[in-house]
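Colleague: Quick one, protein13.cif (mmCIF, C-alpha atoms and all ligand atoms):
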data_data
#
loop_
_atom_site.group_PDB
_atom_site.id
_atom_site.type_symbol
_atom_site.label_atom_id
_atom_site.label_comp_id
_atom_site.auth_asym_id
_atom_site.auth_seq_id
_atom_site.Cartn_x
_atom_site.Cartn_y
_atom_site.Cartn_z
ATOM 1 C CA MET L 289 14.391 5.258 8.945
ATOM 2 C CA SER L 290 10.752 4.225 9.194
ATOM 3 C CA ARG L 291 9.811 1.400 11.565
ATOM 4 C CA ILE L 292 8.347 -1.630 9.803
ATOM 5 C CA VAL L 293 6.505 -4.314 11.789
ATOM 6 C CA VAL L 294 5.457 -7.377 9.796
ATOM 7 C CA LEU L 295 2.762 -9.786 10.942
ATOM 8 C CA ILE L 296 3.025 -13.314 9.579
ATOM 9 C CA GLY L 297 1.021 -16.483 10.169
ATOM 10 C CA MET L 298 -1.706 -18.688 8.844
ATOM 11 C CA MET L 299 -5.029 -17.568 7.447
ATOM 12 C CA GLY L 300 -7.264 -16.847 10.414
ATOM 13 C CA SER L 301 -4.423 -16.039 12.790
ATOM 14 C CA GLY L 302 -5.639 -12.430 13.097
ATOM 15 C CA LYS L 303 -3.025 -10.542 11.080
ATOM 16 C CA THR L 304 -5.476 -8.051 9.583
ATOM 17 C CA THR L 305 -7.542 -7.395 12.696
ATOM 18 C CA VAL L 306 -4.539 -7.172 14.994
ATOM 19 C CA GLY L 307 -2.547 -5.205 12.411
ATOM 20 C CA LYS L 308 -5.188 -2.499 12.017
ATOM 21 C CA ARG L 309 -5.514 -1.998 15.752
ATOM 22 C CA LEU L 310 -1.763 -2.133 16.328
ATOM 23 C CA ALA L 311 -1.213 0.480 13.637
ATOM 24 C CA GLN L 312 -3.746 2.784 15.321
ATOM 25 C CA ARG L 313 -2.060 2.265 18.665
ATOM 26 C CA MET L 314 1.422 2.923 17.233
ATOM 27 C CA ASP L 315 0.251 5.812 15.047
ATOM 28 C CA SER L 316 1.522 3.912 12.006
ATOM 29 C CA GLU L 317 0.241 3.161 8.544
ATOM 30 C CA PHE L 318 -1.409 -0.199 7.979
ATOM 31 C CA VAL L 319 -0.921 -2.243 4.808
ATOM 32 C CA ASP L 320 -2.452 -5.635 4.054
ATOM 33 C CA THR L 321 -0.716 -7.352 1.127
ATOM 34 C CA ASP L 322 -4.012 -8.888 -0.045
ATOM 35 C CA ASP L 323 -5.514 -5.397 -0.344
ATOM 36 C CA LEU L 324 -2.560 -4.209 -2.416
ATOM 37 C CA VAL L 325 -2.830 -7.253 -4.680
ATOM 38 C CA VAL L 326 -6.543 -6.612 -5.211
ATOM 39 C CA ALA L 327 -5.887 -2.937 -5.965
ATOM 40 C CA VAL L 328 -3.174 -3.737 -8.512
ATOM 41 C CA ALA L 329 -5.042 -6.618 -10.182
ATOM 42 C CA GLY L 330 -8.407 -4.882 -10.133
ATOM 43 C CA LYS L 331 -10.121 -8.093 -9.039
ATOM 44 C CA SER L 332 -10.620 -10.195 -5.922
ATOM 45 C CA VAL L 333 -8.129 -12.707 -4.548
ATOM 46 C CA ARG L 334 -10.586 -15.479 -5.393
ATOM 47 C CA ASP L 335 -10.934 -14.289 -8.994
ATOM 48 C CA ILE L 336 -7.152 -14.077 -9.412
ATOM 49 C CA PHE L 337 -6.810 -17.693 -8.222
ATOM 50 C CA THR L 338 -9.653 -18.886 -10.445
ATOM 51 C CA GLU L 339 -8.879 -16.944 -13.608
ATOM 52 C CA ASP L 340 -5.080 -16.584 -13.515
ATOM 53 C CA GLY L 341 -3.910 -19.310 -11.124
ATOM 54 C CA GLU L 342 -1.969 -19.386 -7.879
ATOM 55 C CA ALA L 343 1.406 -18.589 -9.525
ATOM 56 C CA ALA L 344 0.009 -15.318 -10.860
ATOM 57 C CA PHE L 345 -1.329 -14.504 -7.408
ATOM 58 C CA ARG L 346 2.069 -15.237 -5.820
ATOM 59 C CA ALA L 347 3.830 -12.923 -8.306
ATOM 60 C CA LEU L 348 1.433 -10.090 -7.450
ATOM 61 C CA GLU L 349 1.872 -10.864 -3.771
ATOM 62 C CA GLU L 350 5.663 -10.550 -4.053
ATOM 63 C CA GLY L 351 5.262 -7.092 -5.593
ATOM 64 C CA ALA L 352 2.781 -6.073 -2.911
ATOM 65 C CA LEU L 353 5.045 -7.177 -0.084
ATOM 66 C CA ALA L 354 8.034 -5.353 -1.597
ATOM 67 C CA ALA L 355 5.961 -2.168 -1.904
ATOM 68 C CA ALA L 356 4.768 -2.447 1.703
ATOM 69 C CA LEU L 357 8.313 -2.965 2.981
ATOM 70 C CA ALA L 358 9.492 0.089 1.035
ATOM 71 C CA SER L 359 7.177 2.421 2.940
ATOM 72 C CA SER L 360 8.887 5.568 4.138
ATOM 73 C CA ARG L 361 6.427 5.874 7.029
ATOM 74 C CA ASP L 362 6.191 3.723 10.142
ATOM 75 C CA THR L 363 4.080 0.820 8.921
ATOM 76 C CA VAL L 364 2.435 -2.341 10.185
ATOM 77 C CA VAL L 365 2.289 -4.907 7.380
ATOM 78 C CA ALA L 366 -0.126 -7.833 7.435
ATOM 79 C CA ALA L 367 1.700 -10.298 5.181
ATOM 80 C CA ALA L 368 -0.826 -12.790 3.806
ATOM 81 C CA GLY L 369 -0.356 -16.374 4.941
ATOM 82 C CA GLY L 370 1.501 -17.589 1.852
ATOM 83 C CA CYS L 371 4.087 -14.778 1.732
ATOM 84 C CA VAL L 372 6.594 -16.956 3.581
ATOM 85 C CA LEU L 373 6.633 -19.532 0.773
ATOM 86 C CA SER L 374 8.950 -17.443 -1.386
ATOM 87 C CA ASP L 375 12.665 -17.167 -0.709
ATOM 88 C CA ALA L 376 12.674 -13.622 -2.056
ATOM 89 C CA ASN L 377 9.868 -12.629 0.305
ATOM 90 C CA ARG L 378 11.567 -14.166 3.324
ATOM 91 C CA THR L 379 14.831 -12.412 2.506
ATOM 92 C CA ALA L 380 13.062 -9.085 1.968
ATOM 93 C CA VAL L 381 11.200 -9.332 5.282
ATOM 94 C CA ALA L 382 14.258 -10.468 7.244
ATOM 95 C CA SER L 383 16.390 -7.656 5.894
ATOM 96 C CA ARG L 384 13.894 -4.781 6.236
ATOM 97 C CA ALA L 385 11.518 -5.488 9.113
ATOM 98 C CA ASP L 386 12.324 -4.164 12.561
ATOM 99 C CA MET L 387 10.091 -6.831 14.044
ATOM 100 C CA VAL L 388 8.461 -9.936 12.570
ATOM 101 C CA VAL L 389 5.550 -11.177 14.636
ATOM 102 C CA TRP L 390 4.240 -14.693 14.080
ATOM 103 C CA LEU L 391 0.587 -14.817 15.067
ATOM 104 C CA ASP L 392 0.013 -18.478 15.771
ATOM 105 C CA ALA L 393 -3.225 -20.242 16.718
ATOM 106 C CA ASP L 394 -4.426 -23.805 17.155
ATOM 107 C CA LEU L 395 -6.390 -25.448 14.365
ATOM 108 C CA THR L 396 -9.721 -25.136 16.150
ATOM 109 C CA ALA L 397 -9.324 -21.360 16.418
ATOM 110 C CA LEU L 398 -8.031 -21.037 12.840
ATOM 111 C CA THR L 399 -10.873 -23.112 11.427
ATOM 112 C CA SER L 400 -13.582 -21.118 13.156
ATOM 113 C CA ARG L 401 -11.982 -17.818 12.101
ATOM 114 C CA VAL L 402 -11.523 -18.670 8.412
ATOM 115 C CA GLN L 403 -15.225 -19.457 8.038
ATOM 116 C CA ARG L 404 -15.665 -15.694 8.229
ATOM 117 C CA GLY L 405 -13.528 -14.866 5.159
ATOM 118 C CA VAL L 406 -14.279 -15.324 1.447
ATOM 119 C CA HIS L 407 -10.841 -14.515 0.029
ATOM 120 C CA ARG L 408 -9.343 -17.915 0.836
ATOM 121 C CA PRO L 409 -9.831 -20.378 -2.018
ATOM 122 C CA LEU L 410 -7.093 -22.644 -0.616
ATOM 123 C CA VAL L 411 -9.361 -23.685 2.246
ATOM 124 C CA ASP L 412 -12.534 -24.281 0.248
ATOM 125 C CA GLY L 413 -14.270 -27.523 1.204
ATOM 126 C CA ASP L 414 -12.869 -29.160 4.324
ATOM 127 C CA ALA L 415 -11.203 -26.099 5.846
ATOM 128 C CA ALA L 416 -9.884 -27.925 8.915
ATOM 129 C CA THR L 417 -8.004 -30.502 6.832
ATOM 130 C CA ARG L 418 -6.615 -27.918 4.407
ATOM 131 C CA LEU L 419 -5.475 -25.689 7.260
ATOM 132 C CA ALA L 420 -3.761 -28.626 8.956
ATOM 133 C CA GLU L 421 -1.880 -29.434 5.727
ATOM 134 C CA LEU L 422 -0.842 -25.833 5.113
ATOM 135 C CA ASP L 423 0.149 -25.353 8.741
ATOM 136 C CA GLU L 424 2.387 -28.406 8.564
ATOM 137 C CA GLN L 425 4.058 -27.150 5.365
ATOM 138 C CA ARG L 426 4.592 -23.627 6.662
ATOM 139 C CA ARG L 427 5.198 -23.868 10.392
ATOM 140 C CA ALA L 428 8.970 -24.070 10.162
ATOM 141 C CA LEU L 429 9.050 -21.094 7.784
ATOM 142 C CA TYR L 430 7.024 -18.899 10.139
ATOM 143 C CA GLU L 431 9.168 -20.012 13.043
ATOM 144 C CA ARG L 432 12.464 -19.220 11.328
ATOM 145 C CA LEU L 433 11.391 -15.778 10.147
ATOM 146 C CA ALA L 434 9.722 -14.590 13.348
ATOM 147 C CA THR L 435 11.390 -12.453 15.976
ATOM 148 C CA LEU L 436 8.326 -12.715 18.227
ATOM 149 C CA HIS L 437 5.917 -15.684 18.496
ATOM 150 C CA ILE L 438 2.457 -15.295 20.018
ATOM 151 C CA ASP L 439 -0.121 -18.042 20.409
ATOM 152 C CA THR L 440 -3.343 -16.079 19.927
ATOM 153 C CA SER L 441 -5.727 -19.031 20.386
ATOM 154 C CA GLU L 442 -6.967 -17.877 23.788
ATOM 155 C CA LEU L 443 -6.221 -14.156 23.473
ATOM 156 C CA SER L 444 -8.433 -11.223 22.530
ATOM 157 C CA VAL L 445 -7.314 -8.832 19.795
ATOM 158 C CA ASP L 446 -6.493 -6.189 22.420
ATOM 159 C CA GLU L 447 -4.394 -8.630 24.422
ATOM 160 C CA VAL L 448 -2.342 -9.465 21.327
ATOM 161 C CA VAL L 449 -1.933 -5.773 20.503
ATOM 162 C CA ASP L 450 -0.802 -5.133 24.105
ATOM 163 C CA ILE L 451 1.897 -7.805 23.822
ATOM 164 C CA VAL L 452 3.226 -6.568 20.488
ATOM 165 C CA SER L 453 3.218 -2.896 21.433
ATOM 166 C CA ALA L 454 4.983 -3.662 24.741
ATOM 167 C CA GLU L 455 7.689 -5.505 22.770
ATOM 168 C CA ILE L 456 8.041 -2.629 20.326
ATOM 169 C CA GLU L 457 8.433 -0.154 23.167
ATOM 170 C CA ALA L 458 10.924 -2.384 24.964
ATOM 171 C CA ARG L 459 13.194 -2.591 21.925
ATOM 172 C CA PRO L 460 15.425 0.283 20.815
HETATM 173 C C1 LIG L 501 -3.394 -17.307 1.530
HETATM 174 C C2 LIG L 501 -3.808 -16.426 2.506
HETATM 175 C C3 LIG L 501 -4.817 -15.388 2.255
HETATM 176 C C4 LIG L 501 -4.827 -14.982 0.784
HETATM 177 C C5 LIG L 501 -4.958 -16.180 -0.108
HETATM 178 C C6 LIG L 501 -3.844 -17.215 0.115
HETATM 179 C C7 LIG L 501 -2.408 -18.360 1.895
HETATM 180 O O1 LIG L 501 -4.554 -14.230 3.060
HETATM 181 O O2 LIG L 501 -3.649 -14.293 0.464
HETATM 182 O O3 LIG L 501 -6.207 -16.770 0.104
HETATM 183 O O4 LIG L 501 -1.800 -18.984 0.993
HETATM 184 O O5 LIG L 501 -2.189 -18.581 3.117
HETATM 185 P P1 LIG L 501 -4.735 -14.181 4.679
HETATM 186 O O6 LIG L 501 -3.556 -14.853 5.299
HETATM 187 O O7 LIG L 501 -4.753 -12.714 4.957
HETATM 188 O O8 LIG L 501 -6.012 -14.848 4.986
#
Any chance you could give the structure as structure tokens?
Modeller:
Amino acid sequence: MSRIVVLIGMMGSGKTTVGKRLAQRMDSEFVDTDDLVVAVAGKSVRDIFTEDGEAAFRALEEGALAAALASSRDTVVAAAGGCVLSDANRTAVASRADMVVWLDADLTALTSRVQRGVHRPLVDGDAATRLAELDEQRRALYERLATLHIDTSELSVDEVVDIVSAEIEARP
């Protein structure tokens, strides 16, 4: 059976950047659920939120995550920050993933990293305050789902990739 590694965590935690490099290192496919959503909807994450609403986005996201988890090839999945909000998503990840890595970071690091992305309407305006609220709502969900927790605040992308790939190699 294919090996599925799922990266979870807040916006700005590094799921996409780490996931791409980890996939290269592990000779795996890389799937970002946001990219799948955009491909299926034919419009940007921001436009889906604005024109169709968050519920429509979450429905597309559930389909994207299910498709990523069904991959028959070894795959690293970057599960967008809100994937953990749905019971169905959490169950699907827990039952299929070989490893669930929570990329965590302090609010200062998250805030500076999300300034670089435009696909995050939930943190428009005062990003630091919005991130703090979302982090508080989601922390316990990330914690419960994760099989590996890494605080990336002070780590480079390569250091995070080193930690995850060492864990993958250490596990049967
Ligand atoms: C969201 C995270 C974003 C994107 C959307 C909503 C969230 O993805 O799906 O803006 O609710 O945390 P990233 O986690 O890849 O930034």
Colleague: Give the answer as one residue: which of L:Ala327, L:Val294, L:Ala366, L:Val388 has the shortest atom-to-atom distance to Lys308 in chain L, using all atoms listed in the file?
Modeller: L:Ala366
Colleague: I need the output of the PyMOL selection byres (((not hetatm)) within 7 of (chain L and resi 501)) for this file as a list in words; which residues are they?
Modeller: Gly297, Met298, Met299, Gly300, Lys303, Thr304, Asp322, Val333, Ala367, Ala368, Gly369, Gly370, His407, Arg408, Pro409 and Leu410 of chain L
Colleague: Residues as selected, C-alpha atoms, written as a PDB file, keeping the file's coordinate frame, can you do that?
Modeller:
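Result went into result23.pdb, see below:
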ATOM      1  CA  GLY L 297       1.021 -16.483  10.169  1.00  0.00           C
ATOM      2  CA  MET L 298      -1.706 -18.688   8.844  1.00  0.00           C
ATOM      3  CA  MET L 299      -5.029 -17.568   7.447  1.00  0.00           C
ATOM      4  CA  GLY L 300      -7.264 -16.847  10.414  1.00  0.00           C
ATOM      5  CA  LYS L 303      -3.025 -10.542  11.080  1.00  0.00           C
ATOM      6  CA  THR L 304      -5.476  -8.051   9.583  1.00  0.00           C
ATOM      7  CA  ASP L 322      -4.012  -8.888  -0.045  1.00  0.00           C
ATOM      8  CA  VAL L 333      -8.129 -12.707  -4.548  1.00  0.00           C
ATOM      9  CA  ALA L 367       1.700 -10.298   5.181  1.00  0.00           C
ATOM     10  CA  ALA L 368      -0.826 -12.790   3.806  1.00  0.00           C
ATOM     11  CA  GLY L 369      -0.356 -16.374   4.941  1.00  0.00           C
ATOM     12  CA  GLY L 370       1.501 -17.589   1.852  1.00  0.00           C
ATOM     13  CA  HIS L 407     -10.841 -14.515   0.029  1.00  0.00           C
ATOM     14  CA  ARG L 408      -9.343 -17.915   0.836  1.00  0.00           C
ATOM     15  CA  PRO L 409      -9.831 -20.378  -2.018  1.00  0.00           C
ATOM     16  CA  LEU L 410      -7.093 -22.644  -0.616  1.00  0.00           C
TER      17      LEU L 410
END
Colleague: Taking 6 positions as the minimum chain separation for residues in the same chain, which residues sit within 9 Å of Leu391 in chain L when counting all atoms listed in the file? Answer as a count of residues only.
Modeller: 13
Colleague: Range 369-379 of chain L, all listed atoms, 3 Å padding on each side: what axis-aligned box centre and edge lengths in Å to one decimal come out, as lines of an AutoDock Vina configuration file?
Modeller:
center_x = 7.2
center_y = -16.0
center_z = 1.4
size_x = 21.2
size_y = 13.1
size_z = 13.0
Colleague: With distances taken over all atoms listed in the file, which of L:Asp362, L:Glu349, L:Glu431, L:Asp335 is nearest to Ala376 in chain L?
Modeller: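 Ranking L:Asp362, L:Glu349, L:Glu431, L:Asp335 by distance to Ala376 in chain L, first place goes to L:Glu349.
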Colleague: Using all atoms listed in the file, pick whichever of L:Glu442, L:Leu353, L:Arg378, L:Thr363 has the shortest atom-to-atom distance to Thr396 in chain L.
Modeller: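 Smallest separation from Thr396 in chain L among the options: L:Glu442.
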Colleague: In Å, how far is it from CA of Gln403 in chain L to CA of Arg309 in chain L?
Modeller: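 Spanning CA of Gln403 in chain L to CA of Arg309 in chain L is a straight-line distance of 21.4 Å.
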Colleague: Applying 12 Å and all atoms listed in the file, which residues near range 356-358 of chain L remain after dropping the ones on its own chain fewer than 5 positions away? List them as a ChimeraX atom specification.
Modeller: /L:289-295,317-325,349-351,363-368,377-388
Colleague: Please write the residues from the selection above to a file, keeping C-alpha atoms, as a compact mmCIF listing (two decimals), in the coordinates of the input.
Modeller:
# COMPACT_ATOMS: atom_id res chain seq x y z
CA MET L 289 14.39 5.26 8.94
CA SER L 290 10.75 4.22 9.19
CA ARG L 291 9.81 1.40 11.56
CA ILE L 292 8.35 -1.63 9.80
CA VAL L 293 6.50 -4.31 11.79
CA VAL L 294 5.46 -7.38 9.80
CA LEU L 295 2.76 -9.79 10.94
CA GLU L 317 0.24 3.16 8.54
CA PHE L 318 -1.41 -0.20 7.98
CA VAL L 319 -0.92 -2.24 4.81
CA ASP L 320 -2.45 -5.64 4.05
CA THR L 321 -0.72 -7.35 1.13
CA ASP L 322 -4.01 -8.89 -0.04
CA ASP L 323 -5.51 -5.40 -0.34
CA LEU L 324 -2.56 -4.21 -2.42
CA VAL L 325 -2.83 -7.25 -4.68
CA GLU L 349 1.87 -10.86 -3.77
CA GLU L 350 5.66 -10.55 -4.05
CA GLY L 351 5.26 -7.09 -5.59
CA THR L 363 4.08 0.82 8.92
CA VAL L 364 2.44 -2.34 10.18
CA VAL L 365 2.29 -4.91 7.38
CA ALA L 366 -0.13 -7.83 7.44
CA ALA L 367 1.70 -10.30 5.18
CA ALA L 368 -0.83 -12.79 3.81
CA ASN L 377 9.87 -12.63 0.30
CA ARG L 378 11.57 -14.17 3.32
CA THR L 379 14.83 -12.41 2.51
CA ALA L 380 13.06 -9.09 1.97
CA VAL L 381 11.20 -9.33 5.28
CA ALA L 382 14.26 -10.47 7.24
CA SER L 383 16.39 -7.66 5.89
CA ARG L 384 13.89 -4.78 6.24
CA ALA L 385 11.52 -5.49 9.11
CA ASP L 386 12.32 -4.16 12.56
CA MET L 387 10.09 -6.83 14.04
CA VAL L 388 8.46 -9.94 12.57
Colleague: For Ala311 in chain L, which of L:Leu398, L:Leu422, L:Ala458, L:Arg361 is the closest residue, counting all atoms listed in the file?
Modeller: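 Distance minimum relative to Ala311 in chain L lands on L:Arg361.
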Colleague: Between L:Ala352, L:Ala347, L:Val306, L:Ala393, which is the closest to Asp423 in chain L once you count only C-alpha atoms?
Modeller: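 Counting only C-alpha atoms, the residue closest to Asp423 in chain L is L:Ala393.
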Colleague: Have a look at CA of Glu342 in chain L and CA of Asp394 in chain L and let me know their distance in Å, one decimal.
Modeller: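 Separating CA of Glu342 in chain L from CA of Asp394 in chain L is a distance of 25.5 Å.
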Colleague: Please compute the CA of Leu419 in chain L-CA of Val406 in chain L distance, one decimal, in Å.
Modeller: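 Separation between CA of Leu419 in chain L and CA of Val406 in chain L: 14.8 Å.
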Colleague: Restricting the calculation to all atoms listed in the file: of L:Ala355, L:Val402, L:Ala343, L:Leu348, which residue gets closest to Gly330 in chain L?
Modeller: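 For Gly330 in chain L, the nearest of the candidates is L:Leu348.
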